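A.B. asks: Encoded as structure tokens, here's the structure I'll be asking about.
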Amino acid sequence: MNHPDFLNTPIDLHAVIDGLKGRHSCRICIYGPPGTGKTTFGHWLSRELNLPLVSKLASDLMSMYVGGTEQKIAAAFEDARENGTILMIDEVDTFLRDRSLATRSWEVSQVNELLVQMERFEGIFIASTNLMDNLDAASMLRFDLKLEFGYLREEQAERLLARHCAATGLGLPDKESVRIIRALGNATPGDFANAARQHAFRGFTSP
């Protein structure tokens, strides 16, 4: 059910796509609770712009050697530059943590390296984080767009419940199920995806 209609953000994502279609250059920070669709947005953007997406986890870029992480960060941007791909780094707070809180020199050098690479990169870069408040203040000046992804709105949760029930053969949700899902307030697309996976081996019998 990876669909932009189930992403809760105050900015019109379709307008963002339209703006990027003629530019293909932007630095975007997406933030919000886990499961709210940040990674889904990256894949949707890739499909809409017909550009390949390379997604990196923080662990993909970490190195046990001094300077190794900085080299991997630089290489990720260089590969994206050469191949014309969208580059997305999940858990970017690992590398953009507020430098005023750093206790080791390599923590500062990693932030510096990522900031330099962001500044030089002319393609589309997406940084996602669950910990927006932990990011270095200077990084905020580097992002062209900052998109907050929130919990599902009531009508989104209701429609997503109906879609999943139909897809799993459970039929239309009853009024009590609709009331419960609308009242939750903290449901995410990720929660529904997890429940759908569970259904495959638990065999739910009702919405």
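Going through the structure tokens in order, the chains are called A, B, and so on, while each chain numbers its residues from 1 and the ligands are numbered from 1 in the order shown.
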Using only C-alpha atoms, which residues sit within 12 Å of segment 154-163 of chain A once same-chain residues fewer than 3 positions away are excluded, as JSON, numbers by chain?

C.D. replies: {"A": [1, 2, 3, 4, 5, 6, 7, 8, 9, 36, 150, 151, 166, 167, 168, 169, 170, 171, 172, 173, 174, 175, 176, 177, 178, 179, 180, 181, 182, 183, 184, 185, 186, 187, 188, 189, 190, 191, 192, 193, 195, 196, 206, 207]}

A.B. asks: Could you save the residues just selected, with N, CA and C atoms, as a compact mmCIF listing (two decimals), in the first residue's frame?

C.D. replies:
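Below you can see selection26.txt, which holds the result:
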```txt
# COMPACT_ATOMS: atom_id res chain seq x y z
N MET A 1 0.83 -1.20 0.00
CA MET A 1 0.00 0.00 0.00
C MET A 1 0.87 1.26 0.00
N ASN A 2 2.02 1.21 -0.68
CA ASN A 2 2.93 2.35 -0.75
C ASN A 2 2.39 3.39 -1.72
N HIS A 3 1.59 4.31 -1.22
CA HIS A 3 0.94 5.30 -2.07
C HIS A 3 1.03 6.66 -1.39
N PRO A 4 1.32 7.72 -2.15
CA PRO A 4 1.49 9.03 -1.53
C PRO A 4 0.24 9.54 -0.83
N ASP A 5 -0.95 9.02 -1.19
CA ASP A 5 -2.17 9.45 -0.53
C ASP A 5 -2.18 9.07 0.94
N PHE A 6 -1.31 8.15 1.33
CA PHE A 6 -1.27 7.72 2.72
C PHE A 6 -0.03 8.26 3.45
N LEU A 7 0.55 9.33 2.88
CA LEU A 7 1.62 10.05 3.54
C LEU A 7 1.04 11.34 4.08
N ASN A 8 1.24 11.60 5.36
CA ASN A 8 0.66 12.78 6.00
C ASN A 8 1.72 13.86 6.16
N THR A 9 1.74 14.78 5.22
CA THR A 9 2.68 15.89 5.27
C THR A 9 1.95 17.15 4.86
N THR A 36 6.17 6.23 9.13
CA THR A 36 5.27 7.23 8.55
C THR A 36 5.44 7.37 7.04
N GLY A 150 3.86 12.86 9.35
CA GLY A 150 3.19 12.61 10.62
C GLY A 150 2.38 11.32 10.61
N TYR A 151 1.73 11.05 11.73
CA TYR A 151 0.84 9.89 11.83
C TYR A 151 -0.34 10.09 10.87
N ALA A 166 -9.70 -5.39 2.21
CA ALA A 166 -10.07 -5.89 0.90
C ALA A 166 -8.97 -6.77 0.32
N ALA A 167 -7.71 -6.34 0.48
CA ALA A 167 -6.59 -7.09 -0.08
C ALA A 167 -6.39 -8.43 0.60
N THR A 168 -6.78 -8.54 1.87
CA THR A 168 -6.58 -9.78 2.62
C THR A 168 -7.84 -10.62 2.71
N GLY A 169 -8.89 -10.19 2.02
CA GLY A 169 -10.11 -10.98 1.99
C GLY A 169 -10.96 -10.90 3.23
N LEU A 170 -10.78 -9.87 4.05
CA LEU A 170 -11.54 -9.75 5.29
C LEU A 170 -12.84 -8.98 5.10
N GLY A 171 -13.04 -8.43 3.92
CA GLY A 171 -14.27 -7.69 3.67
C GLY A 171 -14.20 -6.28 4.21
N LEU A 172 -15.31 -5.58 4.14
CA LEU A 172 -15.36 -4.21 4.63
C LEU A 172 -15.28 -4.18 6.16
N PRO A 173 -14.52 -3.23 6.71
CA PRO A 173 -14.46 -3.14 8.18
C PRO A 173 -15.79 -2.69 8.75
N ASP A 174 -16.14 -3.23 9.91
CA ASP A 174 -17.39 -2.85 10.56
C ASP A 174 -17.25 -1.48 11.22
N LYS A 175 -18.35 -0.92 11.67
CA LYS A 175 -18.34 0.43 12.22
C LYS A 175 -17.45 0.55 13.45
N GLU A 176 -17.42 -0.50 14.28
CA GLU A 176 -16.60 -0.45 15.49
C GLU A 176 -15.12 -0.43 15.14
N SER A 177 -14.72 -1.22 14.13
CA SER A 177 -13.32 -1.22 13.69
C SER A 177 -12.92 0.15 13.14
N VAL A 178 -13.82 0.76 12.39
CA VAL A 178 -13.57 2.10 11.85
C VAL A 178 -13.43 3.11 12.99
N ARG A 179 -14.31 3.02 13.97
CA ARG A 179 -14.25 3.95 15.11
C ARG A 179 -12.92 3.81 15.84
N ILE A 180 -12.49 2.58 16.05
CA ILE A 180 -11.25 2.34 16.78
C ILE A 180 -10.05 2.89 16.01
N ILE A 181 -9.99 2.61 14.71
CA ILE A 181 -8.82 3.04 13.94
C ILE A 181 -8.77 4.55 13.81
N ARG A 182 -9.93 5.19 13.71
CA ARG A 182 -9.96 6.65 13.60
C ARG A 182 -9.55 7.32 14.91
N ALA A 183 -9.77 6.63 16.02
CA ALA A 183 -9.48 7.20 17.33
C ALA A 183 -8.03 6.99 17.78
N LEU A 184 -7.31 6.14 17.07
CA LEU A 184 -5.95 5.81 17.51
C LEU A 184 -5.04 7.04 17.62
N GLY A 185 -4.95 7.78 16.54
CA GLY A 185 -4.14 8.99 16.57
C GLY A 185 -2.67 8.80 16.28
N ASN A 186 -2.17 7.58 16.40
CA ASN A 186 -0.74 7.34 16.16
C ASN A 186 -0.49 6.14 15.24
N ALA A 187 -1.44 5.91 14.33
CA ALA A 187 -1.25 4.82 13.37
C ALA A 187 -0.39 5.29 12.21
N THR A 188 0.41 4.39 11.66
CA THR A 188 1.28 4.72 10.54
C THR A 188 1.08 3.70 9.42
N PRO A 189 1.46 4.05 8.18
CA PRO A 189 1.43 3.06 7.10
C PRO A 189 2.25 1.83 7.45
N GLY A 190 3.35 2.04 8.18
CA GLY A 190 4.19 0.92 8.58
C GLY A 190 3.47 -0.07 9.48
N ASP A 191 2.56 0.43 10.33
CA ASP A 191 1.77 -0.46 11.19
C ASP A 191 0.89 -1.37 10.35
N PHE A 192 0.25 -0.79 9.32
CA PHE A 192 -0.62 -1.58 8.46
C PHE A 192 0.19 -2.63 7.68
N ALA A 193 1.37 -2.22 7.20
CA ALA A 193 2.21 -3.15 6.45
C ALA A 193 2.65 -4.31 7.34
N ALA A 195 1.00 -5.45 9.97
CA ALA A 195 -0.17 -6.30 10.21
C ALA A 195 -0.45 -7.20 9.02
N ALA A 196 -0.26 -6.66 7.80
CA ALA A 196 -0.48 -7.46 6.60
C ALA A 196 0.50 -8.63 6.52
N SER A 206 -10.88 -11.20 11.23
CA SER A 206 -11.76 -10.03 11.20
C SER A 206 -10.92 -8.76 11.09
N PRO A 207 -11.53 -7.66 10.63
CA PRO A 207 -10.81 -6.39 10.56
C PRO A 207 -10.23 -6.01 11.91
```

A.B. asks: Please, which residues of segment 48-153 of chain A, numbered as in this document, come out strand (DSSP E) from DSSP, as a PyMOL selection string?

C.D. replies: chain A and resi 53-56+86-89+124-129+145-148

A.B. asks: Next, write the just-selected residues to a file, as a short mmCIF file (atom, residue, chain, number, x, y, z; two decimals), in the first residue's frame, keeping N, CA and C atoms as the atom set.

C.D. replies:
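Everything below was put into selection_28.cif:
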```cif
data_model
loop_
_atom_site.label_atom_id
_atom_site.label_comp_id
_atom_site.auth_asym_id
_atom_site.auth_seq_id
_atom_site.Cartn_x
_atom_site.Cartn_y
_atom_site.Cartn_z
N LEU A 53 16.94 5.00 -7.77
CA LEU A 53 17.18 5.41 -6.38
C LEU A 53 18.22 4.49 -5.76
N VAL A 54 19.20 5.09 -5.12
CA VAL A 54 20.16 4.33 -4.31
C VAL A 54 19.94 4.74 -2.86
N SER A 55 19.52 3.79 -2.04
CA SER A 55 19.23 4.06 -0.64
C SER A 55 20.32 3.46 0.24
N LYS A 56 20.88 4.29 1.10
CA LYS A 56 21.94 3.85 2.00
C LYS A 56 21.47 3.96 3.45
N ILE A 86 19.15 9.18 -7.74
CA ILE A 86 18.74 9.84 -6.51
C ILE A 86 19.47 9.14 -5.36
N LEU A 87 20.07 9.91 -4.48
CA LEU A 87 20.75 9.33 -3.33
C LEU A 87 19.94 9.60 -2.08
N MET A 88 19.63 8.54 -1.35
CA MET A 88 18.89 8.67 -0.10
C MET A 88 19.69 8.03 1.03
N ILE A 89 19.87 8.78 2.11
CA ILE A 89 20.56 8.25 3.29
C ILE A 89 19.57 8.23 4.45
N ILE A 124 19.62 14.93 -6.88
CA ILE A 124 18.60 14.90 -5.83
C ILE A 124 19.12 14.07 -4.67
N PHE A 125 19.18 14.69 -3.52
CA PHE A 125 19.63 14.02 -2.29
C PHE A 125 18.51 14.07 -1.26
N ILE A 126 18.21 12.91 -0.68
CA ILE A 126 17.18 12.82 0.36
C ILE A 126 17.83 12.31 1.64
N ALA A 127 17.63 13.04 2.71
CA ALA A 127 18.10 12.61 4.02
C ALA A 127 16.89 12.36 4.90
N SER A 128 16.82 11.20 5.53
CA SER A 128 15.68 10.93 6.40
C SER A 128 16.15 10.70 7.83
N THR A 129 15.31 11.09 8.76
CA THR A 129 15.67 10.96 10.17
C THR A 129 14.41 10.89 11.03
N LEU A 145 14.33 21.67 0.93
CA LEU A 145 13.01 21.31 1.44
C LEU A 145 13.16 20.51 2.72
N LYS A 146 12.28 20.80 3.66
CA LYS A 146 12.20 20.00 4.89
C LYS A 146 10.75 19.54 5.01
N LEU A 147 10.55 18.23 4.90
CA LEU A 147 9.20 17.66 4.89
C LEU A 147 8.97 16.83 6.14
N GLU A 148 7.97 17.22 6.91
CA GLU A 148 7.60 16.45 8.10
C GLU A 148 6.52 15.44 7.74
#
```

A.B. asks: Pick out the closest residue to Thr85 of chain A from this set: A:Asp133, A:Asp144, A:Glu122, A:Asp18. Count only C-alpha atoms.

C.D. replies: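 Among A:Asp133, A:Asp144, A:Glu122, A:Asp18, it is A:Glu122 that comes nearest to Thr85 of chain A.
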
A.B. asks: Write out as a PyMOL selection string the set of residues from chain A that DSSP, computed on the backbone, places in helix (DSSP H, G or I).

C.D. replies: chain A and resi 4-6+13-21+38-49+58-61+68-83+92-94+99-101+105-120+132-134+137-140+154-167+175-184+189-202

A.B. asks: To one decimal place in Å, what is the distance between atom CA of Cys26 of chain A and atom CA of Leu49 of chain A?

C.D. replies: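 That distance, rounded to one decimal, is 12.6 Å.
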
A.B. asks: When you count only C-alpha atoms, which of these residues is closest to Gly37 of chain A: A:Arg142, A:Asp90, A:Leu135, A:Arg97?

C.D. replies: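 Selected residue with least distance to Gly37 of chain A: A:Asp90.
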
A.B. asks: Give me, as a list in words, all polymer residues having an atom no more than 10 Å from Ser139 of chain A, counting only C-alpha atoms and skipping those fewer than 4 positions away in the same chain.

C.D. replies: Cys29, Leu96, Arg97, Asp98, Val111, Asn112, Leu114, Leu115, Met118, Glu119, Leu135 and Phe143 of chain A

A.B. asks: Given the choices A:Phe41, A:Phe121, A:Tyr65, A:Asn134, which gets closest to His24 of chain A if the distance is worked out from only C-alpha atoms?

C.D. replies: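 Nearest to His24 of chain A: A:Phe121.
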
A.B. asks: Provide the atom CA of Met62 of chain A to atom CA of Arg120 of chain A distance in Å, to one decimal place.

C.D. replies: 21.1 Å

A.B. asks: Considering only C-alpha atoms, return as a PDB file with N, CA, C and O atoms, in the first residue's frame whatever protein or nucleic-acid residues lie within 7 Å of segment 66-79 of chain A, sequence-local ones (same chain, fewer than 2 positions apart) excluded.

C.D. replies:
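Resulting contents of around.pdb:
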```
ATOM      1  N   LEU A  61      27.494   3.051   5.529  1.00  0.00           N
ATOM      2  CA  LEU A  61      28.517   4.080   5.363  1.00  0.00           C
ATOM      3  C   LEU A  61      29.501   4.144   6.527  1.00  0.00           C
ATOM      4  O   LEU A  61      30.502   4.858   6.447  1.00  0.00           O
ATOM      5  N   MET A  62      29.226   3.398   7.577  1.00  0.00           N
ATOM      6  CA  MET A  62      30.119   3.420   8.736  1.00  0.00           C
ATOM      7  C   MET A  62      31.352   2.566   8.489  1.00  0.00           C
ATOM      8  O   MET A  62      31.292   1.528   7.835  1.00  0.00           O
ATOM      9  N   SER A  63      32.465   3.016   9.024  1.00  0.00           N
ATOM     10  CA  SER A  63      33.723   2.273   8.908  1.00  0.00           C
ATOM     11  C   SER A  63      34.431   2.277  10.254  1.00  0.00           C
ATOM     12  O   SER A  63      34.347   3.253  11.014  1.00  0.00           O
ATOM     13  N   MET A  64      35.124   1.187  10.537  1.00  0.00           N
ATOM     14  CA  MET A  64      35.872   1.100  11.792  1.00  0.00           C
ATOM     15  C   MET A  64      37.212   1.814  11.715  1.00  0.00           C
ATOM     16  O   MET A  64      37.887   1.995  12.720  1.00  0.00           O
ATOM     17  N   ARG A  81      26.494  10.847  -8.522  1.00  0.00           N
ATOM     18  CA  ARG A  81      26.796  11.870  -9.523  1.00  0.00           C
ATOM     19  C   ARG A  81      27.095  11.235 -10.879  1.00  0.00           C
ATOM     20  O   ARG A  81      26.590  11.670 -11.914  1.00  0.00           O
ATOM     21  N   GLU A  82      27.890  10.196 -10.868  1.00  0.00           N
ATOM     22  CA  GLU A  82      28.302   9.548 -12.118  1.00  0.00           C
ATOM     23  C   GLU A  82      27.145   8.796 -12.782  1.00  0.00           C
ATOM     24  O   GLU A  82      27.058   8.757 -14.009  1.00  0.00           O
ATOM     25  N   ASN A  83      26.268   8.210 -11.968  1.00  0.00           N
ATOM     26  CA  ASN A  83      25.202   7.362 -12.515  1.00  0.00           C
ATOM     27  C   ASN A  83      23.850   8.063 -12.615  1.00  0.00           C
ATOM     28  O   ASN A  83      22.876   7.463 -13.076  1.00  0.00           O
ATOM     29  N   GLN A 110      32.960  13.825  10.281  1.00  0.00           N
ATOM     30  CA  GLN A 110      31.896  13.178   9.522  1.00  0.00           C
ATOM     31  C   GLN A 110      30.804  14.179   9.149  1.00  0.00           C
ATOM     32  O   GLN A 110      30.301  14.175   8.018  1.00  0.00           O
ATOM     33  N   GLU A 113      32.182  16.404   6.385  1.00  0.00           N
ATOM     34  CA  GLU A 113      32.249  15.731   5.085  1.00  0.00           C
ATOM     35  C   GLU A 113      30.877  15.673   4.424  1.00  0.00           C
ATOM     36  O   GLU A 113      30.740  15.971   3.227  1.00  0.00           O
ATOM     37  N   LEU A 114      29.868  15.320   5.199  1.00  0.00           N
ATOM     38  CA  LEU A 114      28.532  15.224   4.612  1.00  0.00           C
ATOM     39  C   LEU A 114      28.024  16.600   4.181  1.00  0.00           C
ATOM     40  O   LEU A 114      27.412  16.736   3.112  1.00  0.00           O
ATOM     41  N   GLN A 117      29.732  17.475   0.890  1.00  0.00           N
ATOM     42  CA  GLN A 117      29.199  16.684  -0.219  1.00  0.00           C
ATOM     43  C   GLN A 117      27.799  17.166  -0.611  1.00  0.00           C
ATOM     44  O   GLN A 117      27.465  17.228  -1.798  1.00  0.00           O
TER      45      GLN A 117
END
```

A.B. asks: State, in Å with one decimal place, the distance from atom CA of Val16 of chain A to atom CA of Lys38 of chain A.

C.D. replies: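 Between atom CA of Val16 of chain A and atom CA of Lys38 of chain A the gap is 14.7 Å.
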
A.B. asks: Which polymer residues have any atom within 8 Å of an atom of Ile17 of chain A, counting only C-alpha atoms, with same-chain residues fewer than 3 positions away left out, as a list in words?

C.D. replies: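 Once the adjacent positions are removed, what remains is Leu13, His14, Leu20, Lys21, Leu45, Glu48 and Leu49 of chain A.
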
A.B. asks: Could you save the residues just selected, with all heavy atoms, as a short mmCIF file (atom, residue, chain, number, x, y, z; two decimals), in the first residue's frame?

C.D. replies:
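As a result, out-v9.cif now contains:
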```cif
data_model
loop_
_atom_site.label_atom_id
_atom_site.label_comp_id
_atom_site.auth_asym_id
_atom_site.auth_seq_id
_atom_site.Cartn_x
_atom_site.Cartn_y
_atom_site.Cartn_z
N LEU A 13 2.79 16.97 -2.02
CA LEU A 13 3.88 16.20 -2.59
C LEU A 13 3.81 16.16 -4.11
O LEU A 13 4.85 16.06 -4.78
CB LEU A 13 3.86 14.78 -2.02
CG LEU A 13 4.11 14.67 -0.51
CD1 LEU A 13 4.09 13.21 -0.07
CD2 LEU A 13 5.45 15.30 -0.13
N HIS A 14 2.63 16.23 -4.67
CA HIS A 14 2.50 16.24 -6.13
C HIS A 14 3.10 17.53 -6.70
O HIS A 14 3.71 17.51 -7.78
CB HIS A 14 1.04 16.10 -6.54
CG HIS A 14 0.45 14.77 -6.20
ND1 HIS A 14 0.68 13.63 -6.95
CD2 HIS A 14 -0.34 14.38 -5.16
CE1 HIS A 14 0.05 12.61 -6.41
NE2 HIS A 14 -0.58 13.03 -5.33
N LEU A 20 10.22 19.26 -9.43
CA LEU A 20 11.48 18.53 -9.65
C LEU A 20 11.59 17.97 -11.07
O LEU A 20 12.70 17.69 -11.52
CB LEU A 20 11.61 17.39 -8.64
CG LEU A 20 11.90 17.81 -7.20
CD1 LEU A 20 11.89 16.60 -6.28
CD2 LEU A 20 13.26 18.51 -7.11
N LYS A 21 10.47 17.82 -11.74
CA LYS A 21 10.51 17.22 -13.07
C LYS A 21 11.36 18.04 -14.05
O LYS A 21 12.00 17.48 -14.95
CB LYS A 21 9.10 17.03 -13.62
CG LYS A 21 8.39 15.84 -13.01
CD LYS A 21 6.98 15.65 -13.56
CE LYS A 21 6.33 14.41 -12.95
NZ LYS A 21 4.93 14.23 -13.42
N LEU A 45 9.17 9.01 -5.36
CA LEU A 45 9.86 10.06 -6.10
C LEU A 45 10.67 9.47 -7.26
O LEU A 45 10.66 10.00 -8.37
CB LEU A 45 10.77 10.84 -5.16
CG LEU A 45 11.47 12.08 -5.71
CD1 LEU A 45 10.46 13.16 -6.02
CD2 LEU A 45 12.49 12.59 -4.70
N GLU A 48 8.25 8.48 -10.07
CA GLU A 48 7.63 9.62 -10.74
C GLU A 48 8.63 10.37 -11.63
O GLU A 48 8.24 10.90 -12.67
CB GLU A 48 7.04 10.58 -9.70
CG GLU A 48 5.82 10.04 -8.98
CD GLU A 48 4.65 9.83 -9.92
OE1 GLU A 48 4.30 10.78 -10.64
OE2 GLU A 48 4.09 8.71 -9.92
N LEU A 49 9.88 10.43 -11.22
CA LEU A 49 10.89 11.15 -12.00
C LEU A 49 11.63 10.24 -12.97
O LEU A 49 12.47 10.71 -13.74
CB LEU A 49 11.89 11.82 -11.04
CG LEU A 49 11.33 12.88 -10.09
CD1 LEU A 49 12.44 13.46 -9.22
CD2 LEU A 49 10.62 13.99 -10.86
#
```
